file upload-v6.cif (mmCIF, C-alpha atoms)
data_final
loop_
_atom_site.label_atom_id
_atom_site.label_comp_id
_atom_site.auth_asym_id
_atom_site.auth_seq_id
_atom_site.Cartn_x
_atom_site.Cartn_y
_atom_site.Cartn_z
CA MET A 809 -13.55 -78.69 -38.86
CA VAL A 810 -16.36 -77.89 -36.41
CA GLU A 811 -15.84 -78.97 -32.79
CA LEU A 812 -18.94 -79.92 -30.83
CA LYS A 813 -18.59 -78.80 -27.23
CA THR A 814 -19.70 -80.86 -24.25
CA ASP A 815 -22.20 -79.41 -21.81
CA THR A 816 -19.34 -78.97 -19.33
CA SER A 817 -17.35 -77.04 -21.92
CA ILE A 818 -20.36 -74.85 -22.69
CA ASP A 819 -20.63 -74.04 -18.99
CA ALA A 820 -16.95 -73.04 -19.02
CA MET A 821 -17.56 -70.88 -22.09
CA TYR A 822 -20.39 -69.20 -20.20
CA GLU A 823 -17.86 -68.11 -17.57
CA ALA A 824 -15.68 -66.53 -20.28
CA GLY A 825 -18.75 -64.98 -21.84
CA GLN A 826 -19.76 -63.39 -18.58
CA VAL A 827 -16.39 -61.66 -18.32
CA VAL A 828 -17.06 -60.16 -21.75
CA ALA A 829 -20.54 -59.12 -20.64
CA GLN A 830 -19.11 -57.40 -17.56
CA ALA A 831 -16.48 -55.60 -19.63
CA LEU A 832 -19.06 -54.30 -22.10
CA THR A 833 -21.33 -53.15 -19.29
CA ALA A 834 -18.44 -51.29 -17.66
CA VAL A 835 -17.38 -49.69 -20.94
CA ARG A 836 -20.95 -48.59 -21.70
CA LYS A 837 -21.24 -46.97 -18.26
CA ALA A 838 -17.92 -45.16 -18.74
CA ALA A 839 -18.68 -43.89 -22.23
CA ASP A 840 -19.59 -40.21 -22.09
CA VAL A 841 -18.87 -36.98 -23.88
CA GLY A 842 -15.18 -36.15 -23.46
CA VAL A 843 -14.05 -39.70 -22.64
CA SER A 844 -11.39 -41.07 -24.98
CA LEU A 845 -11.56 -44.40 -26.74
CA ARG A 846 -8.24 -45.31 -25.14
CA GLU A 847 -9.78 -44.71 -21.71
CA LEU A 848 -12.60 -47.10 -22.59
CA ASP A 849 -10.00 -49.71 -23.53
CA GLU A 850 -8.44 -49.27 -20.09
CA VAL A 851 -11.81 -49.89 -18.46
CA ALA A 852 -12.13 -53.20 -20.31
CA ARG A 853 -8.54 -54.16 -19.46
CA GLU A 854 -9.29 -53.70 -15.76
CA VAL A 855 -12.35 -55.95 -15.95
CA LEU A 856 -10.45 -58.70 -17.78
CA SER A 857 -7.52 -58.49 -15.40
CA GLY A 858 -9.78 -58.55 -12.34
CA ALA A 859 -11.46 -61.72 -13.60
CA GLY A 860 -8.14 -63.44 -14.34
CA ALA A 861 -8.94 -63.40 -18.06
CA THR A 862 -6.83 -62.44 -21.07
CA SER A 863 -7.77 -60.76 -24.33
CA PRO A 864 -7.92 -62.65 -27.64
CA PHE A 865 -7.92 -59.26 -29.39
CA LEU A 866 -4.64 -57.95 -28.01
CA GLY A 867 -1.82 -58.88 -30.38
CA TYR A 868 -4.20 -60.64 -32.80
CA ARG A 869 -2.94 -60.53 -36.37
CA PRO A 870 -5.05 -62.21 -39.06
CA SER A 871 -3.86 -62.49 -42.65
CA PHE A 872 -5.47 -59.20 -43.74
CA ALA A 873 -3.75 -57.11 -41.03
CA SER A 874 -0.36 -55.48 -41.49
CA THR A 875 0.15 -55.06 -37.74
CA PRO A 876 -1.07 -56.85 -34.57
CA PHE A 877 -4.17 -55.39 -32.95
CA PRO A 878 -3.03 -53.12 -30.08
CA ALA A 879 -6.03 -53.17 -27.74
CA VAL A 880 -8.54 -55.37 -25.89
CA ILE A 881 -11.61 -53.76 -27.46
CA CYS A 882 -12.54 -52.64 -30.94
CA ALA A 883 -14.00 -49.13 -30.71
CA SER A 884 -15.72 -48.07 -33.94
CA VAL A 885 -17.29 -44.61 -34.14
CA ASN A 886 -19.89 -43.27 -36.60
CA ASP A 887 -18.88 -44.41 -40.11
CA ALA A 888 -16.51 -47.08 -38.74
CA ILE A 889 -18.27 -50.45 -38.97
CA VAL A 890 -15.93 -52.77 -37.08
CA HIS A 891 -12.29 -53.25 -35.96
CA GLY A 892 -11.76 -49.65 -34.84
CA ILE A 893 -8.54 -49.13 -32.89
CA PRO A 894 -8.99 -47.23 -29.58
CA THR A 895 -7.15 -43.92 -29.89
CA GLY A 896 -7.07 -40.64 -28.04
CA TYR A 897 -10.25 -39.54 -29.82
CA ARG A 898 -12.66 -38.08 -27.28
CA LEU A 899 -16.32 -38.87 -27.67
CA ARG A 900 -18.65 -36.11 -28.80
CA ASP A 901 -22.34 -35.56 -28.23
CA GLY A 902 -24.28 -37.72 -30.68
CA ASP A 903 -21.46 -40.12 -31.58
CA LEU A 904 -22.60 -43.63 -32.53
CA VAL A 905 -20.19 -46.10 -30.93
CA SER A 906 -19.75 -49.85 -31.45
CA ILE A 907 -17.65 -51.75 -28.90
CA ASP A 908 -16.49 -55.31 -29.57
CA CYS A 909 -14.78 -57.25 -26.78
CA GLY A 910 -13.47 -60.76 -26.19
CA ALA A 911 -12.09 -62.72 -23.27
CA GLU A 912 -10.23 -65.97 -22.76
CA LEU A 913 -10.73 -67.74 -19.44
CA GLY A 914 -9.85 -71.31 -18.52
CA GLY A 915 -8.90 -72.10 -22.09
CA TRP A 916 -12.20 -70.91 -23.59
CA ALA A 917 -13.18 -67.74 -25.47
CA GLY A 918 -16.16 -65.40 -25.44
CA ASP A 919 -16.97 -62.60 -27.90
CA SER A 920 -19.70 -59.94 -27.92
CA ALA A 921 -20.43 -56.44 -29.22
CA ILE A 922 -22.81 -53.54 -28.52
CA SER A 923 -23.71 -50.30 -30.26
CA PHE A 924 -25.01 -47.15 -28.56
CA VAL A 925 -25.17 -43.38 -28.89
CA VAL A 926 -23.30 -41.04 -26.56
CA GLY A 927 -25.35 -38.07 -25.40
CA THR A 928 -28.17 -36.86 -27.63
CA ALA A 929 -29.26 -39.53 -30.09
CA ARG A 930 -30.54 -38.84 -33.59
CA PRO A 931 -33.73 -40.75 -34.44
CA ALA A 932 -31.98 -42.38 -37.40
CA ASP A 933 -29.27 -43.74 -35.10
CA VAL A 934 -31.82 -45.06 -32.61
CA ARG A 935 -33.54 -46.91 -35.44
CA LEU A 936 -30.25 -48.28 -36.76
CA VAL A 937 -29.17 -49.66 -33.37
CA ALA A 938 -32.63 -51.08 -32.69
CA THR A 939 -32.61 -52.84 -36.05
CA ALA A 940 -29.16 -54.29 -35.37
CA GLU A 941 -30.45 -55.66 -32.07
CA ARG A 942 -33.52 -57.13 -33.79
CA ALA A 943 -31.30 -58.73 -36.43
CA LEU A 944 -29.18 -60.29 -33.70
CA ALA A 945 -32.28 -61.58 -31.92
CA ALA A 946 -33.57 -63.05 -35.19
CA GLY A 947 -30.27 -64.79 -35.81
CA ILE A 948 -30.25 -66.23 -32.30
CA GLY A 949 -33.84 -67.35 -32.73
CA ALA A 950 -32.83 -69.36 -35.80
CA ALA A 951 -29.88 -70.99 -33.99
CA VAL A 952 -31.69 -74.21 -33.13
CA VAL A 953 -30.84 -77.87 -33.56
CA GLY A 954 -31.88 -79.10 -37.01
CA ASN A 955 -31.67 -75.70 -38.69
CA ARG A 956 -28.76 -74.74 -40.92
CA ILE A 957 -26.28 -71.87 -41.03
CA GLY A 958 -28.28 -70.42 -43.92
CA ASP A 959 -31.31 -70.10 -41.65
CA ILE A 960 -29.33 -67.88 -39.26
CA ALA A 961 -27.94 -65.84 -42.16
CA HIS A 962 -31.38 -65.45 -43.74
CA ALA A 963 -32.94 -64.35 -40.46
CA ILE A 964 -30.30 -61.66 -39.95
CA GLY A 965 -30.28 -60.48 -43.55
CA SER A 966 -34.05 -60.26 -43.77
CA VAL A 967 -34.21 -57.84 -40.83
CA CYS A 968 -31.33 -55.75 -42.15
CA ARG A 969 -32.64 -55.48 -45.71
CA ALA A 970 -36.20 -54.75 -44.55
CA GLY A 971 -34.77 -51.75 -42.72
CA GLY A 972 -33.02 -50.54 -45.86
CA TYR A 973 -29.52 -51.17 -44.52
CA GLY A 974 -26.36 -52.43 -46.19
CA ILE A 975 -24.46 -55.58 -45.21
CA MET A 976 -20.76 -56.34 -45.73
CA ASP A 977 -20.72 -59.54 -47.76
CA ASP A 978 -17.35 -60.90 -46.63
CA PHE A 979 -17.45 -60.28 -42.89
CA GLY A 980 -19.80 -61.94 -40.42
CA GLY A 981 -20.01 -64.30 -37.50
CA HIS A 982 -17.97 -67.41 -36.78
CA GLY A 983 -17.55 -70.47 -34.68
CA ILE A 984 -15.88 -69.95 -31.32
CA GLY A 985 -14.42 -72.17 -28.62
CA ARG A 986 -10.82 -72.67 -27.60
CA ARG A 987 -9.98 -69.98 -30.12
CA MET A 988 -11.87 -66.77 -30.85
CA HIS A 989 -12.31 -67.65 -34.54
CA GLU A 990 -13.21 -71.21 -35.47
CA ASP A 991 -15.31 -72.90 -38.14
CA PRO A 992 -17.96 -72.45 -39.35
CA PRO A 993 -18.33 -68.94 -40.82
CA VAL A 994 -21.76 -67.41 -40.14
CA PRO A 995 -22.75 -64.94 -42.89
CA ASN A 996 -25.15 -62.07 -42.25
CA GLU A 997 -27.15 -62.86 -45.37
CA GLY A 998 -28.03 -66.15 -47.02
CA ARG A 999 -30.62 -68.64 -48.19
CA PRO A 1000 -32.68 -70.62 -45.68
CA GLY A 1001 -32.19 -74.34 -45.59
CA ARG A 1002 -28.64 -74.12 -46.92
CA GLY A 1003 -25.26 -74.71 -45.33
CA LEU A 1004 -24.05 -76.72 -42.39
CA ARG A 1005 -26.69 -78.34 -40.16
CA LEU A 1006 -26.78 -77.14 -36.55
CA TRP A 1007 -26.11 -79.70 -33.84
CA HIS A 1008 -26.18 -79.68 -30.05
CA GLY A 1009 -22.75 -78.51 -28.88
CA MET A 1010 -21.99 -76.04 -31.67
CA VAL A 1011 -21.07 -72.57 -30.40
CA LEU A 1012 -21.31 -69.56 -32.69
CA ALA A 1013 -20.55 -65.86 -32.48
CA ILE A 1014 -23.50 -64.27 -34.29
CA GLU A 1015 -22.83 -60.65 -35.27
CA PRO A 1016 -24.91 -58.42 -37.55
CA MET A 1017 -23.11 -55.40 -39.01
CA LEU A 1018 -25.41 -52.77 -40.53
CA ILE A 1019 -24.56 -49.87 -42.85
CA ALA A 1020 -27.11 -47.05 -42.55
CA GLY A 1021 -26.79 -45.73 -46.11
CA GLY A 1022 -27.94 -49.00 -47.65
CA GLU A 1023 -24.76 -49.68 -49.61
CA ASP A 1024 -22.74 -52.82 -48.97
CA ALA A 1025 -19.39 -51.28 -49.94
CA TYR A 1026 -16.71 -50.46 -47.39
CA HIS A 1027 -13.01 -49.66 -47.26
CA VAL A 1028 -10.09 -50.19 -44.92
CA ALA A 1029 -8.87 -47.08 -43.10
CA PRO A 1030 -5.19 -46.07 -43.21
CA ASP A 1031 -4.61 -47.76 -39.83
CA GLY A 1032 -4.97 -51.11 -41.65
CA TRP A 1033 -7.72 -52.32 -39.32
CA THR A 1034 -10.81 -50.12 -39.21
CA LEU A 1035 -13.49 -50.94 -41.80
CA CYS A 1036 -15.47 -47.85 -42.79
CA THR A 1037 -18.57 -47.23 -44.88
CA ASN A 1038 -17.85 -45.99 -48.41
CA ASP A 1039 -20.78 -43.59 -48.40
CA GLY A 1040 -19.85 -42.02 -45.06
CA SER A 1041 -23.06 -43.21 -43.42
CA ARG A 1042 -23.11 -44.57 -39.90
CA ALA A 1043 -22.90 -48.22 -38.88
CA ALA A 1044 -23.92 -50.49 -36.03
CA HIS A 1045 -22.55 -53.82 -34.80
CA THR A 1046 -24.09 -56.23 -32.31
CA GLU A 1047 -22.89 -59.70 -31.29
CA HIS A 1048 -23.42 -62.56 -28.87
CA THR A 1049 -21.71 -65.90 -28.32
CA VAL A 1050 -24.46 -68.53 -28.59
CA ALA A 1051 -24.44 -72.25 -27.84
CA ILE A 1052 -26.72 -74.51 -29.88
CA THR A 1053 -28.43 -76.90 -27.46
CA ASP A 1054 -31.30 -79.37 -27.53
CA ALA A 1055 -33.11 -77.01 -25.15
CA GLY A 1056 -32.71 -74.06 -27.53
CA PRO A 1057 -30.09 -71.35 -28.06
CA ARG A 1058 -28.10 -70.41 -24.95
CA VAL A 1059 -26.62 -66.89 -25.00
CA LEU A 1060 -23.29 -67.19 -23.21
CA THR A 1061 -22.53 -63.44 -23.27
CA ALA A 1062 -25.93 -62.30 -21.99
CA ARG A 1063 -25.70 -59.15 -19.89
CA GLU A 1064 -27.58 -58.95 -16.62
CA GLU A 1065 -27.89 -55.17 -16.73
CA ALA A 1066 -29.87 -53.41 -19.41
CA LEU A 1067 -27.63 -51.33 -21.61
#

call {"tool": "encode", "arguments": {"input": "upload-v6.cif", "output": "structure tokens"}}
result
Amino acid sequence: MVELKTDTSIDAMYEAGQVVAQALTAVRKAADVGVSLRELDEVAREVLSGAGATSPFLGYRPSFASTPFPAVICASVNDAIVHGIPTGYRLRDGDLVSIDCGAELGGWAGDSAISFVVGTARPADVRLVATAERALAAGIGAAVVGNRIGDIAHAIGSVCRAGGYGIMDDFGGHGIGRRMHEDPPVPNEGRPGRGLRLWHGMVLAIEPMLIAGGEDAYHVAPDGWTLCTNDGSRAAHTEHTVAITDAGPRVLTAREEAL
């Protein structure tokens, strides 16, 4: 069942989304060669705590997971696509990093993700991240009243496939509100004009996940959480929480500072 949010509720979700935005900005600033993923998780924890927010990631255990998630961010490096657990791994020059973060504040959730390169970036990684950002922008652009979920999925998938990138077919975006994951699912590939119609008050987490090698296949790492590319190629993940409104899409996790 899809819950339509009131304008007041969307404003409250914006407050939660801004905590996420602040956490991602702080993590991006802290990410440097020699910094551990666990240290980045601590940075995000401090931002959430300072804002009086909690993490929907910490302790989360969906049906596919054998253990609860132990951190407040997902930190996925190089061939890890999503759901990477922050460990003592220290970032190296040229690492491609994807950080996913959520926050719960005042009974509402926000969810967003960024990808970036630490240190010296390879041209292929710059192109991959830029394409992920374009795919996200295309998906947001299609998130308008009267369109359908398939229009968002088609917009994202078209950008990804045009770039020659792979897409996981069973992971994508989702509705969000009082819980981090709500209906409806938002695929990263689909047919335009199909699926649920978009109405004022729907709030979606739109999140392209790109596999550089062009294959769609992936596998679960031994930690039971991290999803990795089968071909060993790199991956990128971007995400925003977006409200569908009569005035157009409203990005609730927009970051004030350029990343």

call {"tool": "residues_around", "arguments": {"input": "upload-v6.cif", "residues": "range 956-969 of chain A", "least_positions_apart": "6", "cutoff": "8 Å", "atoms": "only C-alpha atoms", "output": "list in words"}}
result
Thr939, Ala940, Arg942, Ala943, Leu944, Ala946, Gly947, Ile948, Gly949, Ala950, Ile975, Val994, Pro995, Asn996, Glu997, Gly998, Arg999, Pro1000, Gly1001, Arg1002, Gly1003, Leu1004, Arg1005, Leu1006, Pro1016 and Leu1018 of chain A

call {"tool": "resolve_selection", "arguments": {"input": "upload-v6.cif", "expression": "the PyMOL selection byres ((chain A and resi 911) around 8)", "output": "PyMOL selection string"}}
result
chain A and resi 824-825+827-828+856+861-864+909-910+912-913+917-919

call {"tool": "write_last_selection", "arguments": {"input": "upload-v6.cif", "atoms": "C-alpha atoms", "output": "compact mmCIF listing (two decimals), keeping the file's coordinate frame"}}
result
# COMPACT_ATOMS: atom_id res chain seq x y z
CA ALA A 824 -15.68 -66.53 -20.28
CA GLY A 825 -18.75 -64.98 -21.84
CA VAL A 827 -16.39 -61.66 -18.32
CA VAL A 828 -17.06 -60.16 -21.75
CA LEU A 856 -10.45 -58.70 -17.78
CA ALA A 861 -8.94 -63.40 -18.06
CA THR A 862 -6.83 -62.44 -21.07
CA SER A 863 -7.77 -60.76 -24.33
CA PRO A 864 -7.92 -62.65 -27.64
CA CYS A 909 -14.78 -57.25 -26.78
CA GLY A 910 -13.47 -60.76 -26.19
CA GLU A 912 -10.23 -65.97 -22.76
CA LEU A 913 -10.73 -67.74 -19.44
CA ALA A 917 -13.18 -67.74 -25.47
CA GLY A 918 -16.16 -65.40 -25.44
CA ASP A 919 -16.97 -62.60 -27.90

call {"tool": "closest_residue", "arguments": {"input": "upload-v6.cif", "among": "A:Ile1052, A:Ala1062, A:Ala820, A:Ala1044", "to": "Ala883 in chain A", "atoms": "all atoms listed in the file"}}
result
A:Ala1044

call {"tool": "atom_distance", "arguments": {"input": "upload-v6.cif", "atom1": "CA of Met1017 in chain A", "atom2": "CA of Arg1042 in chain A"}}
result
10.9 Å

call {"tool": "closest_residue", "arguments": {"input": "upload-v6.cif", "among": "A:Met988, A:Gly896, A:Gln826, A:Lys813", "to": "Leu866 in chain A", "atoms": "all atoms listed in the file"}}
result
A:Met988

call {"tool": "residues_around", "arguments": {"input": "upload-v6.cif", "residues": "Tyr868 in chain A", "least_positions_apart": "2", "cutoff": "12 Å", "atoms": "all atoms listed in the file", "output": "number ranges by chain"}}
result
A: 863-866, 870-882, 891, 910, 987-989, 1033

call {"tool": "residues_around", "arguments": {"input": "upload-v6.cif", "residues": "Glu1047 in chain A", "least_positions_apart": "4", "cutoff": "9 Å", "atoms": "all atoms listed in the file", "output": "list of chain:residue names"}}
result
A:Asp908, A:Asp919, A:Ser920, A:Ala921, A:Ile922, A:Glu941, A:Leu944, A:Gly981, A:Ala1013, A:Ile1014, A:Glu1015, A:Pro1016, A:Met1017, A:Thr1061

call {"tool": "axis_aligned_box", "arguments": {"input": "upload-v6.cif", "around": "range 1001-1016 of chain A", "padding_each_side": "4 Å", "output": "lines of an AutoDock Vina configuration file"}}
result
center_x = -26.4
center_y = -69.1
center_z = -37.9
size_x = 19.6
size_y = 29.3
size_z = 26.0

call {"tool": "closest_residue", "arguments": {"input": "upload-v6.cif", "among": "A:Ser906, A:Asp901, A:Ser923, A:Val1011", "to": "Val1050 in chain A", "atoms": "all atoms listed in the file"}}
result
A:Val1011

call {"tool": "residues_around", "arguments": {"input": "upload-v6.cif", "residues": "Asp815 in chain A", "least_positions_apart": "2", "cutoff": "12 Å", "atoms": "only C-alpha atoms", "output": "PyMOL selection string"}}
result
chain A and resi 812-813+817-822+1008-1011+1051-1055+1058

call {"tool": "atom_distance", "arguments": {"input": "upload-v6.cif", "atom1": "CA of His1027 in chain A", "atom2": "CA of Arg898 in chain A"}}
result
23.1 Å

call {"tool": "closest_residue", "arguments": {"input": "upload-v6.cif", "among": "A:Ile984, A:Ala938, A:Ala945, A:Ile1019", "to": "Gly972 in chain A", "atoms": "all atoms listed in the file"}}
result
A:Ile1019

call {"tool": "residues_near_point", "arguments": {"input": "upload-v6.cif", "point": "(-10.2, -45.8, -20.6)", "cutoff": "12 Å", "atoms": "all atoms listed in the file", "output": "number ranges by chain"}}
result
A: 831, 834-840, 842-855, 879-881, 883, 894-899

call {"tool": "closest_residue", "arguments": {"input": "upload-v6.cif", "among": "A:Asp933, A:Val890, A:Val926, A:Arg869", "to": "Asp903 in chain A", "atoms": "all atoms listed in the file"}}
result
A:Val926

call {"tool": "build_atoms", "arguments": {"input": "upload-v6.cif", "residues": "range 911-944 of chain A", "atoms": "N, CA and C atoms", "output": "PDB file, in the coordinates of the input"}}
result
ATOM      1  N   ALA A 911     -12.832 -62.279 -24.451  1.00  0.00           N
ATOM      2  CA  ALA A 911     -12.090 -62.720 -23.270  1.00  0.00           C
ATOM      3  C   ALA A 911     -11.759 -64.194 -23.410  1.00  0.00           C
ATOM      4  N   GLU A 912     -10.608 -64.566 -22.865  1.00  0.00           N
ATOM      5  CA  GLU A 912     -10.230 -65.970 -22.760  1.00  0.00           C
ATOM      6  C   GLU A 912     -10.059 -66.304 -21.277  1.00  0.00           C
ATOM      7  N   LEU A 913     -10.748 -67.349 -20.844  1.00  0.00           N
ATOM      8  CA  LEU A 913     -10.730 -67.740 -19.440  1.00  0.00           C
ATOM      9  C   LEU A 913     -10.792 -69.264 -19.369  1.00  0.00           C
ATOM     10  N   GLY A 914      -9.843 -69.862 -18.665  1.00  0.00           N
ATOM     11  CA  GLY A 914      -9.850 -71.310 -18.520  1.00  0.00           C
ATOM     12  C   GLY A 914      -9.724 -72.063 -19.823  1.00  0.00           C
ATOM     13  N   GLY A 915      -9.096 -71.445 -20.815  1.00  0.00           N
ATOM     14  CA  GLY A 915      -8.900 -72.100 -22.090  1.00  0.00           C
ATOM     15  C   GLY A 915     -10.042 -71.940 -23.079  1.00  0.00           C
ATOM     16  N   TRP A 916     -11.054 -71.115 -22.723  1.00  0.00           N
ATOM     17  CA  TRP A 916     -12.200 -70.910 -23.590  1.00  0.00           C
ATOM     18  C   TRP A 916     -12.405 -69.428 -23.874  1.00  0.00           C
ATOM     19  N   ALA A 917     -13.015 -69.130 -25.028  1.00  0.00           N
ATOM     20  CA  ALA A 917     -13.180 -67.740 -25.470  1.00  0.00           C
ATOM     21  C   ALA A 917     -14.641 -67.319 -25.474  1.00  0.00           C
ATOM     22  N   GLY A 918     -14.848 -66.025 -25.286  1.00  0.00           N
ATOM     23  CA  GLY A 918     -16.160 -65.400 -25.440  1.00  0.00           C
ATOM     24  C   GLY A 918     -15.998 -64.142 -26.264  1.00  0.00           C
ATOM     25  N   ASP A 919     -17.052 -63.727 -26.974  1.00  0.00           N
ATOM     26  CA  ASP A 919     -16.970 -62.600 -27.900  1.00  0.00           C
ATOM     27  C   ASP A 919     -18.343 -61.962 -28.005  1.00  0.00           C
ATOM     28  N   SER A 920     -18.414 -60.631 -27.862  1.00  0.00           N
ATOM     29  CA  SER A 920     -19.700 -59.940 -27.920  1.00  0.00           C
ATOM     30  C   SER A 920     -19.479 -58.488 -28.310  1.00  0.00           C
ATOM     31  N   ALA A 921     -20.535 -57.842 -28.802  1.00  0.00           N
ATOM     32  CA  ALA A 921     -20.430 -56.440 -29.220  1.00  0.00           C
ATOM     33  C   ALA A 921     -21.751 -55.720 -28.965  1.00  0.00           C
ATOM     34  N   ILE A 922     -21.646 -54.410 -28.707  1.00  0.00           N
ATOM     35  CA  ILE A 922     -22.810 -53.540 -28.520  1.00  0.00           C
ATOM     36  C   ILE A 922     -22.616 -52.265 -29.310  1.00  0.00           C
ATOM     37  N   SER A 923     -23.733 -51.624 -29.647  1.00  0.00           N
ATOM     38  CA  SER A 923     -23.710 -50.300 -30.260  1.00  0.00           C
ATOM     39  C   SER A 923     -24.623 -49.378 -29.462  1.00  0.00           C
ATOM     40  N   PHE A 924     -24.223 -48.115 -29.331  1.00  0.00           N
ATOM     41  CA  PHE A 924     -25.010 -47.150 -28.560  1.00  0.00           C
ATOM     42  C   PHE A 924     -24.611 -45.743 -28.983  1.00  0.00           C
ATOM     43  N   VAL A 925     -25.438 -44.790 -28.605  1.00  0.00           N
ATOM     44  CA  VAL A 925     -25.170 -43.380 -28.890  1.00  0.00           C
ATOM     45  C   VAL A 925     -24.773 -42.677 -27.603  1.00  0.00           C
ATOM     46  N   VAL A 926     -23.754 -41.847 -27.698  1.00  0.00           N
ATOM     47  CA  VAL A 926     -23.300 -41.040 -26.560  1.00  0.00           C
ATOM     48  C   VAL A 926     -24.038 -39.702 -26.584  1.00  0.00           C
ATOM     49  N   GLY A 927     -24.656 -39.365 -25.476  1.00  0.00           N
ATOM     50  CA  GLY A 927     -25.350 -38.070 -25.400  1.00  0.00           C
ATOM     51  C   GLY A 927     -26.660 -38.085 -26.156  1.00  0.00           C
ATOM     52  N   THR A 928     -26.907 -37.032 -26.917  1.00  0.00           N
ATOM     53  CA  THR A 928     -28.170 -36.860 -27.630  1.00  0.00           C
ATOM     54  C   THR A 928     -28.201 -37.711 -28.890  1.00  0.00           C
ATOM     55  N   ALA A 929     -29.174 -38.590 -28.974  1.00  0.00           N
ATOM     56  CA  ALA A 929     -29.260 -39.530 -30.090  1.00  0.00           C
ATOM     57  C   ALA A 929     -30.160 -38.991 -31.205  1.00  0.00           C
ATOM     58  N   ARG A 930     -29.704 -39.154 -32.439  1.00  0.00           N
ATOM     59  CA  ARG A 930     -30.540 -38.840 -33.590  1.00  0.00           C
ATOM     60  C   ARG A 930     -31.519 -39.991 -33.814  1.00  0.00           C
ATOM     61  N   PRO A 931     -32.750 -39.682 -34.209  1.00  0.00           N
ATOM     62  CA  PRO A 931     -33.730 -40.750 -34.440  1.00  0.00           C
ATOM     63  C   PRO A 931     -33.227 -41.821 -35.412  1.00  0.00           C
ATOM     64  N   ALA A 932     -32.491 -41.407 -36.431  1.00  0.00           N
ATOM     65  CA  ALA A 932     -31.980 -42.380 -37.400  1.00  0.00           C
ATOM     66  C   ALA A 932     -31.009 -43.356 -36.748  1.00  0.00           C
ATOM     67  N   ASP A 933     -30.223 -42.869 -35.786  1.00  0.00           N
ATOM     68  CA  ASP A 933     -29.270 -43.740 -35.100  1.00  0.00           C
ATOM     69  C   ASP A 933     -29.987 -44.693 -34.147  1.00  0.00           C
ATOM     70  N   VAL A 934     -31.029 -44.208 -33.493  1.00  0.00           N
ATOM     71  CA  VAL A 934     -31.820 -45.060 -32.610  1.00  0.00           C
ATOM     72  C   VAL A 934     -32.425 -46.207 -33.409  1.00  0.00           C
ATOM     73  N   ARG A 935     -32.942 -45.888 -34.576  1.00  0.00           N
ATOM     74  CA  ARG A 935     -33.540 -46.910 -35.440  1.00  0.00           C
ATOM     75  C   ARG A 935     -32.490 -47.905 -35.922  1.00  0.00           C
ATOM     76  N   LEU A 936     -31.324 -47.409 -36.283  1.00  0.00           N
ATOM     77  CA  LEU A 936     -30.250 -48.280 -36.760  1.00  0.00           C
ATOM     78  C   LEU A 936     -29.830 -49.275 -35.681  1.00  0.00           C
ATOM     79  N   VAL A 937     -29.591 -48.785 -34.473  1.00  0.00           N
ATOM     80  CA  VAL A 937     -29.170 -49.660 -33.370  1.00  0.00           C
ATOM     81  C   VAL A 937     -30.271 -50.659 -33.037  1.00  0.00           C
ATOM     82  N   ALA A 938     -31.509 -50.192 -33.001  1.00  0.00           N
ATOM     83  CA  ALA A 938     -32.630 -51.080 -32.690  1.00  0.00           C
ATOM     84  C   ALA A 938     -32.759 -52.186 -33.736  1.00  0.00           C
ATOM     85  N   THR A 939     -32.534 -51.835 -34.990  1.00  0.00           N
ATOM     86  CA  THR A 939     -32.610 -52.840 -36.050  1.00  0.00           C
ATOM     87  C   THR A 939     -31.471 -53.842 -35.929  1.00  0.00           C
ATOM     88  N   ALA A 940     -30.285 -53.373 -35.584  1.00  0.00           N
ATOM     89  CA  ALA A 940     -29.160 -54.290 -35.370  1.00  0.00           C
ATOM     90  C   ALA A 940     -29.471 -55.271 -34.251  1.00  0.00           C
ATOM     91  N   GLU A 941     -30.095 -54.791 -33.181  1.00  0.00           N
ATOM     92  CA  GLU A 941     -30.450 -55.660 -32.070  1.00  0.00           C
ATOM     93  C   GLU A 941     -31.533 -56.660 -32.482  1.00  0.00           C
ATOM     94  N   ARG A 942     -32.493 -56.218 -33.306  1.00  0.00           N
ATOM     95  CA  ARG A 942     -33.520 -57.130 -33.790  1.00  0.00           C
ATOM     96  C   ARG A 942     -32.919 -58.188 -34.717  1.00  0.00           C
ATOM     97  N   ALA A 943     -31.960 -57.777 -35.539  1.00  0.00           N
ATOM     98  CA  ALA A 943     -31.300 -58.730 -36.430  1.00  0.00           C
ATOM     99  C   ALA A 943     -30.545 -59.778 -35.631  1.00  0.00           C
ATOM    100  N   LEU A 944     -29.880 -59.348 -34.563  1.00  0.00           N
ATOM    101  CA  LEU A 944     -29.180 -60.290 -33.700  1.00  0.00           C
ATOM    102  C   LEU A 944     -30.169 -61.252 -33.049  1.00  0.00           C
TER     103      LEU A 944
END
